[in-house]
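Structure file coords-v1.cif; described as mmCIF, C-alpha atoms.
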data_target
#
loop_
_atom_site.label_atom_id
_atom_site.label_comp_id
_atom_site.auth_asym_id
_atom_site.auth_seq_id
_atom_site.Cartn_x
_atom_site.Cartn_y
_atom_site.Cartn_z
CA MET E 684 0.00 0.00 0.00
CA ARG E 685 1.15 3.51 -0.81
CA THR E 686 0.38 6.44 1.43
CA ALA E 687 1.23 10.13 1.65
CA GLY E 688 3.93 11.01 4.12
CA LEU E 689 4.88 13.87 6.38
CA THR E 690 8.26 14.91 7.69
CA MET E 691 9.27 14.21 11.25
CA ASN E 692 9.68 17.93 11.97
CA ASP E 693 6.00 18.48 11.29
CA VAL E 694 4.01 19.80 14.23
CA TRP E 695 1.65 16.80 14.09
CA ALA E 696 4.52 14.41 14.73
CA HIS E 697 5.23 16.06 18.08
CA ARG E 698 1.52 15.95 19.01
CA VAL E 699 1.35 12.24 18.21
CA LEU E 700 4.36 11.53 20.42
CA ARG E 701 2.80 13.44 23.32
CA GLU E 702 -0.65 11.88 23.02
CA ARG E 703 -1.45 8.92 25.27
CA GLY E 704 -3.58 6.00 24.21
CA VAL E 705 -2.67 6.44 20.55
CA GLU E 706 -1.35 3.40 18.71
CA THR E 707 2.01 4.25 17.09
CA TYR E 708 4.93 2.33 15.65
CA ARG E 709 8.37 3.91 15.71
CA LEU E 710 11.09 2.48 13.44
CA GLU E 711 14.71 3.68 13.41
CA GLY E 712 17.51 3.05 10.87
CA VAL E 713 15.22 1.65 8.20
CA THR E 714 17.00 0.86 4.92
CA ALA E 715 15.13 2.51 2.07
CA GLU E 716 15.33 3.79 -1.50
CA LEU E 717 14.70 7.47 -2.04
CA GLY E 718 12.99 8.82 -5.12
CA VAL E 719 14.60 12.21 -5.82
CA MET E 720 13.64 14.57 -8.63
CA VAL E 721 17.07 15.85 -9.75
CA GLU E 722 16.99 19.56 -10.51
CA SER E 723 20.67 20.38 -11.09
CA LEU E 724 23.96 18.53 -11.62
CA ASP E 725 27.37 20.24 -11.40
CA LEU E 726 30.91 18.97 -11.93
CA LYS E 727 33.10 19.87 -8.92
CA HIS E 728 36.63 19.07 -7.76
CA ARG E 729 38.16 18.15 -4.42
CA GLY E 730 40.99 20.04 -2.78
CA LYS E 731 44.71 19.90 -3.39
CA GLU E 732 45.22 17.15 -0.80
CA GLU E 733 42.98 14.87 -2.94
CA ASN E 734 44.69 15.89 -6.19
CA TYR E 735 41.59 17.84 -7.32
CA ARG E 736 39.60 14.66 -7.90
CA PRO E 737 36.33 15.38 -9.79
CA TYR E 738 32.86 14.55 -8.46
CA LEU E 739 29.23 15.44 -9.19
CA HIS E 740 27.02 17.55 -6.94
CA MET E 741 23.30 17.02 -7.50
CA THR E 742 20.36 18.78 -5.88
CA GLY E 743 16.71 17.83 -5.98
CA GLU E 744 13.44 17.23 -4.11
CA LEU E 745 12.33 14.14 -2.21
CA ARG E 746 9.35 12.45 -3.92
CA SER E 747 9.15 8.99 -2.31
CA VAL E 748 10.60 6.68 0.32
CA THR E 749 10.47 2.93 -0.33
CA PRO E 750 11.53 0.80 2.66
CA ALA E 751 13.31 -2.50 2.06
CA LYS E 752 10.64 -4.24 4.13
CA ALA E 753 7.00 -3.36 4.34
CA LEU E 754 5.92 -1.17 7.24
CA PRO E 755 3.06 -1.94 9.61
CA PHE E 756 -0.38 -2.08 7.99
CA GLY E 757 1.22 -3.21 4.72
CA ILE E 758 2.72 0.17 3.79
CA SER E 759 5.21 -0.37 0.96
CA GLN E 760 5.92 3.22 -0.07
CA VAL E 761 5.55 6.75 1.28
CA THR E 762 5.04 9.50 -1.31
CA TYR E 763 5.27 13.28 -1.30
CA SER E 764 3.52 15.68 -3.65
CA PRO E 765 5.62 18.18 -5.66
CA GLY E 766 6.69 21.11 -3.51
CA HIS E 767 6.13 19.27 -0.21
CA GLY E 768 9.21 17.03 -0.14
CA GLU E 769 12.50 17.85 1.56
CA LYS E 770 15.47 19.24 -0.36
CA VAL E 771 18.16 16.68 -1.11
CA ASP E 772 21.91 17.21 -1.73
CA ALA E 773 23.91 14.26 -2.99
CA PHE E 774 27.55 13.79 -4.04
CA TYR E 775 28.46 11.21 -6.67
CA GLU E 776 32.06 9.90 -6.51
CA PHE E 777 33.80 8.50 -9.62
CA ASP E 778 36.02 5.45 -9.25
CA ASP E 779 39.38 5.15 -11.01
CA GLN E 780 37.97 3.27 -14.00
CA GLN E 781 35.33 5.94 -14.53
CA LEU E 782 37.99 8.65 -14.41
CA VAL E 783 39.85 6.85 -17.20
CA VAL E 784 36.65 6.87 -19.24
CA LEU E 785 36.15 10.59 -18.63
CA ALA E 786 39.72 11.33 -19.71
CA SER E 787 39.24 9.33 -22.91
CA LYS E 788 36.09 11.36 -23.65
CA GLY E 789 37.95 14.67 -23.53
CA TYR E 790 37.73 15.60 -19.87
CA PHE E 791 40.73 17.95 -20.31
CA THR E 792 39.18 19.83 -23.24
CA SER E 793 37.19 23.06 -23.12
CA GLY E 794 34.03 21.50 -24.60
CA PHE E 795 33.63 18.88 -21.86
CA ALA E 796 30.33 19.43 -20.01
CA VAL E 797 27.82 17.64 -17.79
CA PRO E 798 25.10 15.83 -19.76
CA GLU E 799 21.69 17.49 -19.68
CA GLN E 800 19.65 14.28 -20.00
CA VAL E 801 20.35 13.29 -16.37
CA THR E 802 18.45 16.27 -14.91
CA GLY E 803 14.69 16.67 -14.71
CA ILE E 804 14.15 12.96 -13.98
CA GLU E 805 13.64 10.97 -10.79
CA TRP E 806 16.64 9.11 -9.40
CA GLU E 807 16.71 6.31 -6.87
CA MET E 808 19.26 6.74 -4.10
CA PRO E 809 20.04 4.49 -1.11
CA ALA E 810 19.56 5.92 2.37
CA THR E 811 18.44 5.13 5.91
CA ALA E 812 15.44 6.69 7.64
CA ASP E 813 13.55 6.93 10.92
CA MET E 814 9.78 6.41 10.63
CA LEU E 815 6.78 6.96 12.88
CA VAL E 816 3.56 5.19 11.86
CA LEU E 817 0.26 6.38 13.34
CA ALA E 818 -2.37 3.61 13.30
CA PRO E 819 -5.92 4.28 12.07
CA SER E 820 -8.43 5.41 14.69
CA GLY E 821 -10.56 2.27 14.37
CA ALA E 822 -10.32 -1.17 12.84
CA GLN E 823 -13.77 -0.94 11.23
CA THR E 824 -13.18 2.44 9.56
CA GLU E 825 -11.57 3.15 6.21
CA ASP E 826 -8.97 5.50 7.69
CA THR E 827 -5.40 5.03 6.45
CA PRO E 828 -2.28 5.21 8.65
CA VAL E 829 -0.14 8.32 8.72
CA VAL E 830 3.64 8.01 8.29
CA PHE E 831 6.24 10.55 9.43
CA THR E 832 9.79 10.17 8.04
CA GLN E 833 13.23 11.59 8.75
CA ILE E 834 16.07 10.82 6.28
CA HIS E 835 19.59 10.48 7.69
CA GLY E 836 22.07 12.94 6.13
CA ILE E 837 19.63 14.27 3.55
CA GLY E 838 21.82 17.34 3.07
CA GLY E 839 24.94 15.35 2.16
CA LEU E 840 24.21 11.91 0.72
CA GLU E 841 27.27 10.14 -0.67
CA ILE E 842 26.67 7.75 -3.55
CA ASP E 843 28.75 6.03 -6.21
CA LEU E 844 28.47 3.38 -8.90
CA GLU E 845 28.32 0.51 -6.42
CA SER E 846 25.72 1.98 -4.05
CA SER E 847 23.42 3.62 -6.59
CA GLY E 848 23.90 1.41 -9.63
CA TYR E 849 24.23 4.43 -11.91
CA ASP E 850 27.28 4.64 -14.18
CA LEU E 851 27.22 8.35 -14.88
CA ALA E 852 30.50 8.28 -16.79
CA GLY E 853 28.65 6.61 -19.66
CA TYR E 854 26.27 9.58 -20.01
CA PHE E 855 29.03 12.05 -20.88
CA ALA E 856 29.46 12.84 -24.56
CA ASP E 857 32.77 12.23 -26.33
CA HIS E 858 34.63 15.54 -26.82
CA SER E 859 38.07 14.09 -27.43
CA LYS E 860 38.06 14.98 -31.15
CA ASP E 861 36.10 18.19 -31.46
CA GLY E 862 37.24 19.87 -28.21
CA VAL E 863 40.31 22.04 -27.69
CA PRO E 864 42.59 21.19 -24.76
CA ARG E 865 42.07 23.58 -21.86
CA THR E 866 45.77 24.38 -21.64
CA GLU E 867 45.80 25.47 -25.27
CA THR E 868 42.87 27.86 -24.94
CA VAL E 869 44.94 30.31 -22.91
CA VAL E 870 47.67 30.53 -25.59
CA ASP E 871 47.19 33.40 -28.01
CA ALA E 872 47.81 33.25 -31.75
CA ARG E 873 51.23 34.88 -31.50
CA GLY E 874 52.43 32.26 -29.03
CA LEU E 875 51.21 29.42 -31.23
CA LYS E 876 52.87 30.92 -34.33
CA ALA E 877 56.16 31.49 -32.55
CA ARG E 878 56.20 27.95 -31.18
CA SER E 879 55.28 26.41 -34.53
CA ASP E 880 58.00 28.38 -36.31
CA ALA E 881 60.55 27.24 -33.74
CA ILE E 882 59.61 23.59 -34.10
CA ASN E 883 58.86 23.26 -37.83
CA SER E 884 61.85 24.74 -39.64
CA LEU E 885 61.71 24.73 -43.46
CA PHE E 886 65.48 25.09 -44.04
CA THR E 887 68.63 23.50 -42.67
CA GLU E 888 71.44 25.38 -41.00
CA ASP E 889 73.65 25.03 -44.11
CA GLU E 890 70.97 26.52 -46.33
CA LEU E 891 70.44 29.44 -44.04
CA GLY E 892 74.19 30.02 -43.61
CA LEU E 893 73.96 30.13 -39.85
CA ASP E 894 77.68 29.38 -39.40
CA THR E 895 78.74 32.41 -41.46
CA GLU E 896 76.28 34.66 -39.68
CA ALA E 897 77.48 33.38 -36.30
CA LYS E 898 81.09 34.16 -37.16
CA GLN E 899 80.13 37.63 -38.32
CA ILE E 900 78.23 38.27 -35.14
CA VAL E 901 81.15 37.05 -33.00
CA GLY E 902 83.69 39.20 -34.92
CA ALA E 903 81.55 42.31 -34.92
CA PRO E 904 82.45 45.00 -32.39
CA VAL E 905 80.29 45.12 -29.33
CA PRO E 906 78.25 48.34 -29.22
CA GLU E 907 79.12 50.63 -26.38
CA ALA E 908 76.65 50.68 -23.54
CA ALA E 909 78.27 53.65 -21.83
CA PRO E 910 75.28 55.95 -22.18
CA VAL E 911 73.07 53.44 -20.46
CA VAL E 912 75.64 52.83 -17.74
CA ASP E 913 76.16 56.57 -17.30
CA GLY E 914 72.44 57.12 -17.10
CA MET E 915 72.09 54.41 -14.49
CA SER E 916 74.99 55.81 -12.49
CA ALA E 917 73.49 59.27 -12.56
CA ARG E 918 70.16 57.90 -11.45
CA LEU E 919 71.81 55.93 -8.64
CA GLN E 920 73.68 59.01 -7.49
CA GLN E 921 70.45 60.99 -7.52
CA VAL E 922 68.72 58.34 -5.45
CA GLU E 923 71.63 58.22 -2.99
CA ALA E 924 71.52 62.02 -2.65
CA GLU E 925 67.78 61.94 -1.98
CA ILE E 926 68.23 59.23 0.63
CA ALA E 927 71.05 61.18 2.31
CA ALA E 928 68.90 64.33 2.37
CA GLU E 929 66.00 62.45 3.90
CA ARG E 930 68.31 60.89 6.50
CA GLU E 931 69.78 64.30 7.41
CA GLN E 932 66.30 65.82 7.71
CA TYR E 933 65.20 62.96 9.93
CA GLN E 934 68.23 63.34 12.19
CA THR E 935 67.64 67.10 12.43
CA GLU E 936 64.03 66.56 13.43
CA ARG E 937 65.08 63.99 16.01
CA ALA E 938 67.72 66.33 17.42
CA SER E 939 65.18 69.14 17.80
CA THR E 940 62.57 66.90 19.47
CA GLU E 941 62.82 67.08 23.24
CA GLY E 942 63.35 63.78 25.01
CA THR E 943 64.95 61.87 22.11
CA THR E 944 68.44 60.38 22.26
CA GLU E 945 69.66 62.73 19.55
CA ASN E 946 68.33 65.76 21.44
CA LEU E 947 70.05 64.71 24.69
CA TYR E 948 73.33 64.15 22.86
CA ARG E 949 73.19 67.54 21.18
CA GLU E 950 72.28 69.47 24.34
CA ARG E 951 74.49 67.68 26.90
CA VAL E 952 77.45 66.39 24.91
CA ALA E 953 77.88 68.08 21.56
CA ALA E 954 77.11 71.65 22.71
CA PRO E 955 79.68 71.73 25.59
CA LEU E 956 82.32 70.22 23.34
CA HIS E 957 81.62 72.81 20.67
CA ARG E 958 81.90 75.70 23.15
CA ALA E 959 85.12 74.27 24.56
CA GLY E 960 86.54 74.03 21.05
CA GLU E 961 85.73 77.68 20.33
CA GLN E 962 87.53 78.85 23.52
CA LYS E 963 90.83 77.13 22.68
CA VAL E 964 94.03 79.34 22.34
CA PRO E 965 95.15 79.70 18.70
CA PHE E 966 98.14 77.68 17.68
CA ALA E 967 101.56 79.33 18.30
CA PRO E 968 105.16 78.20 17.95
CA PRO E 969 106.42 76.17 20.89
CA VAL E 970 108.00 78.18 23.75
CA PRO E 971 109.59 77.16 27.04
CA ALA E 972 107.08 76.27 29.68
CA ARG E 973 108.20 78.93 32.19
CA GLU E 974 108.14 81.78 29.65
CA ALA E 975 104.72 80.71 28.44
CA GLN E 976 103.39 80.65 32.02
CA ARG E 977 104.96 84.04 32.74
CA ASP E 978 103.46 85.64 29.64
CA LEU E 979 100.09 84.14 30.47
CA ASN E 980 100.21 85.55 34.04
CA LEU E 981 101.26 88.95 32.72
CA ASP E 982 98.38 89.05 30.29
CA LEU E 983 95.96 88.15 33.05
CA ASP E 984 97.32 90.92 35.36
CA LEU E 985 97.00 93.49 32.58
CA LYS E 986 93.44 92.50 31.89
CA LEU E 987 92.55 92.71 35.59
CA GLU E 988 94.09 96.20 35.92
CA GLU E 989 92.22 97.43 32.88
CA GLN E 990 88.97 96.13 34.31
CA GLU E 991 89.63 97.84 37.71
CA GLN E 992 90.46 101.17 36.02
CA GLU E 993 87.34 101.01 33.98
CA GLN E 994 85.30 100.41 37.13
CA GLU E 995 87.00 103.23 39.18
CA THR E 996 87.07 105.90 36.47
CA PRO E 997 83.73 107.70 36.41
CA ARG E 998 82.23 108.51 33.16
CA ARG E 999 82.87 112.09 32.11
CA GLU E 1000 79.82 114.13 31.38
CA VAL E 1001 79.89 115.90 28.05
CA LYS E 1002 79.07 119.57 28.58
CA PRO E 1003 77.79 121.78 25.82
CA VAL E 1004 80.25 124.33 24.34
CA PRO E 1005 79.48 127.92 25.66
CA SER E 1006 78.63 130.63 23.18
CA LEU E 1007 80.59 133.94 22.65
CA ASP E 1008 78.28 135.99 24.89
CA GLN E 1009 78.52 133.42 27.63
CA ARG E 1010 82.33 133.52 27.41
CA LYS E 1011 82.27 137.39 27.71
CA ARG E 1012 80.07 137.26 30.76
CA GLN E 1013 82.32 134.63 32.34
CA VAL E 1014 85.44 136.82 31.75
CA ALA E 1015 83.72 139.90 33.20
CA GLN E 1016 82.61 137.95 36.22
CA ARG E 1017 86.13 136.62 36.68
CA ALA E 1018 87.62 140.19 36.50
CA ALA E 1019 85.14 141.51 39.03
CA ASP E 1020 85.99 138.70 41.37
CA LEU E 1021 89.68 139.55 41.09
CA ASP E 1022 89.08 143.27 41.77
CA SER E 1023 87.03 142.54 44.83
CA GLY E 1024 89.78 140.26 46.11
CA GLU E 1025 92.45 142.93 45.77
CA ASP E 1026 90.30 145.52 47.62
CA PHE E 1027 89.77 143.05 50.42
CA GLU E 1028 93.51 142.45 50.75
CA GLN E 1029 94.29 146.19 50.86
CA GLY E 1030 91.75 146.73 53.61
CA LEU E 1031 93.37 144.04 55.66
CA GLY E 1032 96.85 145.64 55.18
CA SER E 1033 95.78 149.09 56.33
#
Could you take the file, read its structure, and then write that structure out as structure tokens?
Amino acid sequence: MRTAGLTMNDVWAHRVLRERGVETYRLEGVTAELGVMVESLDLKHRGKEENYRPYLHMTGELRSVTPAKALPFGISQVTYSPGHGEKVDAFYEFDDQQLVVLASKGYFTSGFAVPEQVTGIEWEMPATADMLVLAPSGAQTEDTPVVFTQIHGIGGLEIDLESSGYDLAGYFADHSKDGVPRTETVVDARGLKARSDAINSLFTEDELGLDTEAKQIVGAPVPEAAPVVDGMSARLQQVEAEIAAEREQYQTERASTEGTTENLYRERVAAPLHRAGEQKVPFAPPVPAREAQRDLNLDLDLKLEEQEQEQETPRREVKPVPSLDQRKRQVAQRAADLDSGEDFEQGLGS
């Protein structure tokens, strides 16, 4: 008997499991054949660790579940209407013999493609399933049992020639003669022409006179490459100058930045050394040690005396030059003072 099925994640399945007094049959790990409507089929490849081994990835919709043994109440198959079945993903692995067949059919050519006649049809795939069968409400009624199913690994079924019975390598068309190798499709016309000319020569070396031309080439003077070398040298010198300028600018910025090593060196080491170098006595011919010390002491004494004189000597005030009238008045005043002095002396004598 065939009956319509529901998925185990349906809300009615949970209600049936919770209900008491309901006759149910629960089966786990049932071997079954799935009827899958294949919607797409793509040729994929494994990773580098598996040497890019090809495989097929197919997607479709679950249409039926046929258990290996009949279920309770004589159920032989559970069906699903279009649009109500679960989505199925399956991966078909080729064996070594099938890979040889694919290579002989032009697998390495650009025209090799997946056959279209294997899509849009229902496939049978092996799988295991868990099933929950709900018995009819009464033995005298015409009610049919309800079946809930759950397919193991429905999102990643792995099948091959042995498990499914399908030899998909035989469905591929032969492109070994009309297809172009994939490695050749990336070569442009110039590359093909150059390679063909190099391989298929129409003349021998004697006919072309290659020996004579080789001798002429060897004996010919080598053209000077000085301009190129000079240009490169000039460019290298320019680059070196730019690098030196950048390095000097960087060091200057570091030296002016407070707290850096360069700044501490400049302020605490280089600056005192520079000042000490500026205060050094100019070079003179060698003299005896005593005379040199004596001359040095004399110079120091002279400098000290000059400094003391400058400190003791007051600055002279610059007075304006008197005019002619002022000079006359000063002379008259001086004469009057003298006359008064003489009169005073005469009075004292008498």
Report summary line: Nearest to Ala751 in chain E, restricted to only C-alpha atoms and choosing among E:Ala786, E:Val771, E:Leu844, E:Ala812, comes out as E:Ala812
Report task. Write out as a ChimeraX atom specification each polymer residue whose atoms come within 10 Å of Val830 in chain E, counting all atoms listed in the file; drop sequence neighbours fewer than 2 positions from it. Result -> /E:686-691,696,707-709,754,758,760-762,814-818,827-828,832
Write the selection just made, keeping C-alpha atoms, as a JSON list (two decimals), keeping the file's coordinate frame?
[["chain", "number", "residue", "atom", "x", "y", "z"],
["E", 686, "THR", "CA", 0.38, 6.44, 1.43],
["E", 687, "ALA", "CA", 1.23, 10.13, 1.65],
["E", 688, "GLY", "CA", 3.93, 11.01, 4.12],
["E", 689, "LEU", "CA", 4.88, 13.87, 6.38],
["E", 690, "THR", "CA", 8.26, 14.91, 7.69],
["E", 691, "MET", "CA", 9.27, 14.21, 11.25],
["E", 696, "ALA", "CA", 4.52, 14.41, 14.73],
["E", 707, "THR", "CA", 2.01, 4.25, 17.09],
["E", 708, "TYR", "CA", 4.93, 2.33, 15.65],
["E", 709, "ARG", "CA", 8.37, 3.91, 15.71],
["E", 754, "LEU", "CA", 5.92, -1.17, 7.24],
["E", 758, "ILE", "CA", 2.72, 0.17, 3.79],
["E", 760, "GLN", "CA", 5.92, 3.22, -0.07],
["E", 761, "VAL", "CA", 5.55, 6.75, 1.28],
["E", 762, "THR", "CA", 5.04, 9.50, -1.31],
["E", 814, "MET", "CA", 9.78, 6.41, 10.63],
["E", 815, "LEU", "CA", 6.78, 6.96, 12.88],
["E", 816, "VAL", "CA", 3.56, 5.19, 11.86],
["E", 817, "LEU", "CA", 0.26, 6.38, 13.34],
["E", 818, "ALA", "CA", -2.37, 3.61, 13.30],
["E", 827, "THR", "CA", -5.40, 5.03, 6.45],
["E", 828, "PRO", "CA", -2.28, 5.21, 8.65],
["E", 832, "THR", "CA", 9.79, 10.17, 8.04]]
Requested in this report: Determine the nearest neighbour of Phe756 in chain E from the options E:Phe795, E:Glu776, E:Pro819, E:Leu785, counting all atoms listed in the file.
Outcome: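 Closest to Phe756 in chain E of all the choices is E:Pro819.
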Query - Residues within 10 Å of Arg949 in chain E, only C-alpha atoms, excluding chain neighbours under 6 positions, as a ChimeraX atom specification - result: /E:938-939,955-957
Requested in this report: Do a neighbour search on range 724-731 of chain E at 9 Å with all atoms listed in the file, toss out local chain neighbours closer than 5 positions, and write the hits as a list in words.
Outcome: Arg736, Pro737, Tyr738, Leu739, His740, Met741, Thr742, Ala796, Val797, Pro798, Glu799, Val801 and Thr802 of chain E
Report summary line: Judged by all atoms listed in the file, the minimum distance to Val719 in chain E among E:Tyr948, E:Phe831, E:Trp806, E:Tyr854 is found for E:Trp806
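Across the structure, CA of Ile804 in chain E and CA of Gly839 in chain E are spaced 19.6 Å apart.
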